[in-house]
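What follows is one structure encoded as structure tokens, with my remarks underneath.
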Amino acid sequence: METGSKDVAAAAIKMAISSGRDEEKALKEMYAEKMIFTAAADFGGEFISSINKIIERAIVCAKRENVITDSHAQEGSVAGATREAVAQIMNKAIGLNVGGKIGIARHDDHISVAIFFGIGLLHLNEVAIGLGHRVL
């Protein structure tokens, strides 16, 4: 069975909703057997001021975990997919604090970035997932 964009997107989402480093590691190993390469990183802060940090963190994480190479085109694909994921929850998050996890997955020329957001103040949080996909 061929691995496609749906499988890559599902892997990114599972990485984004994983509960800790141990689960991330187990998922990473499981997906590597299927030639889907993954990475994850945490983030948090005021939404507007965090957008650039989220995009930068996604690129750095993808490079550190060898999901992408140090290529302008591949970095741009991660940045674009991350920006798309952020844009999907923008209306809910403007003016509020956010925190969560970025999940990245790649197989061949498919790359997906999923971002799990906790949005709100104190313990009154909304949750949302943004998802972006690009072709390398």
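Labels used: A, B, ... for chains in the order of the structure tokens, numbers from 1 for residues in each chain, and numbers from 1 for ligands as shown.
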Could you pull out the helix (DSSP H, G or I) residues of chain A from DSSP and send them as a PyMOL selection string?
chain A and resi 5-16+21-33+47-64+72-93
When you look at range 78-93 of chain A with a cut-off of 9 Å (counting only C-alpha atoms), what residues show up, excluding the ones that are within fewer than 3 positions of it in the same chain? I need them as a ChimeraX atom specification.
/A:46-48,51,54-56,58-59,62,68,73-75,96-98,102,104,111-115,117,119-120,126,128-134
Could you pull the residues within 8 Å of Arg106 in chain A, counting only C-alpha atoms, minus those fewer than 5 positions along the same chain, as a compact mmCIF listing (two decimals) with N, CA and C atoms, in the first residue's frame?
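Dumped everything to part_36.txt:
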```
# COMPACT_ATOMS: atom_id res chain seq x y z
N VAL A 8 0.69 11.03 5.81
CA VAL A 8 1.64 12.01 6.34
C VAL A 8 0.93 13.00 7.25
N ILE A 36 8.21 7.28 7.07
CA ILE A 36 7.64 8.59 7.38
C ILE A 36 8.51 9.17 8.49
N PHE A 37 9.14 10.29 8.21
CA PHE A 37 10.05 10.89 9.16
C PHE A 37 9.34 12.03 9.90
N THR A 38 9.51 12.07 11.22
CA THR A 38 8.71 12.95 12.05
C THR A 38 9.57 13.76 13.02
N VAL A 67 14.24 15.71 9.18
CA VAL A 67 13.03 15.58 8.36
C VAL A 67 13.24 16.32 7.05
N ILE A 111 5.01 16.77 2.82
CA ILE A 111 5.33 17.22 4.17
C ILE A 111 4.10 17.90 4.77
N SER A 112 3.78 17.53 6.02
CA SER A 112 2.64 18.12 6.72
C SER A 112 3.10 18.66 8.06
```
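Distances from A:Ala11, A:Leu136, A:Arg57, A:Asn125 to Ala32 in chain A were compared using only C-alpha atoms, and the smallest one belongs to A:Ala11.
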Extract, using only C-alpha atoms, all DNA, RNA and protein residues at most 8 Å from Gly100 in chain A, discarding same-chain residues fewer than 5 positions from it, and format them as a ChimeraX atom specification.
/A:16,42-44,115-118
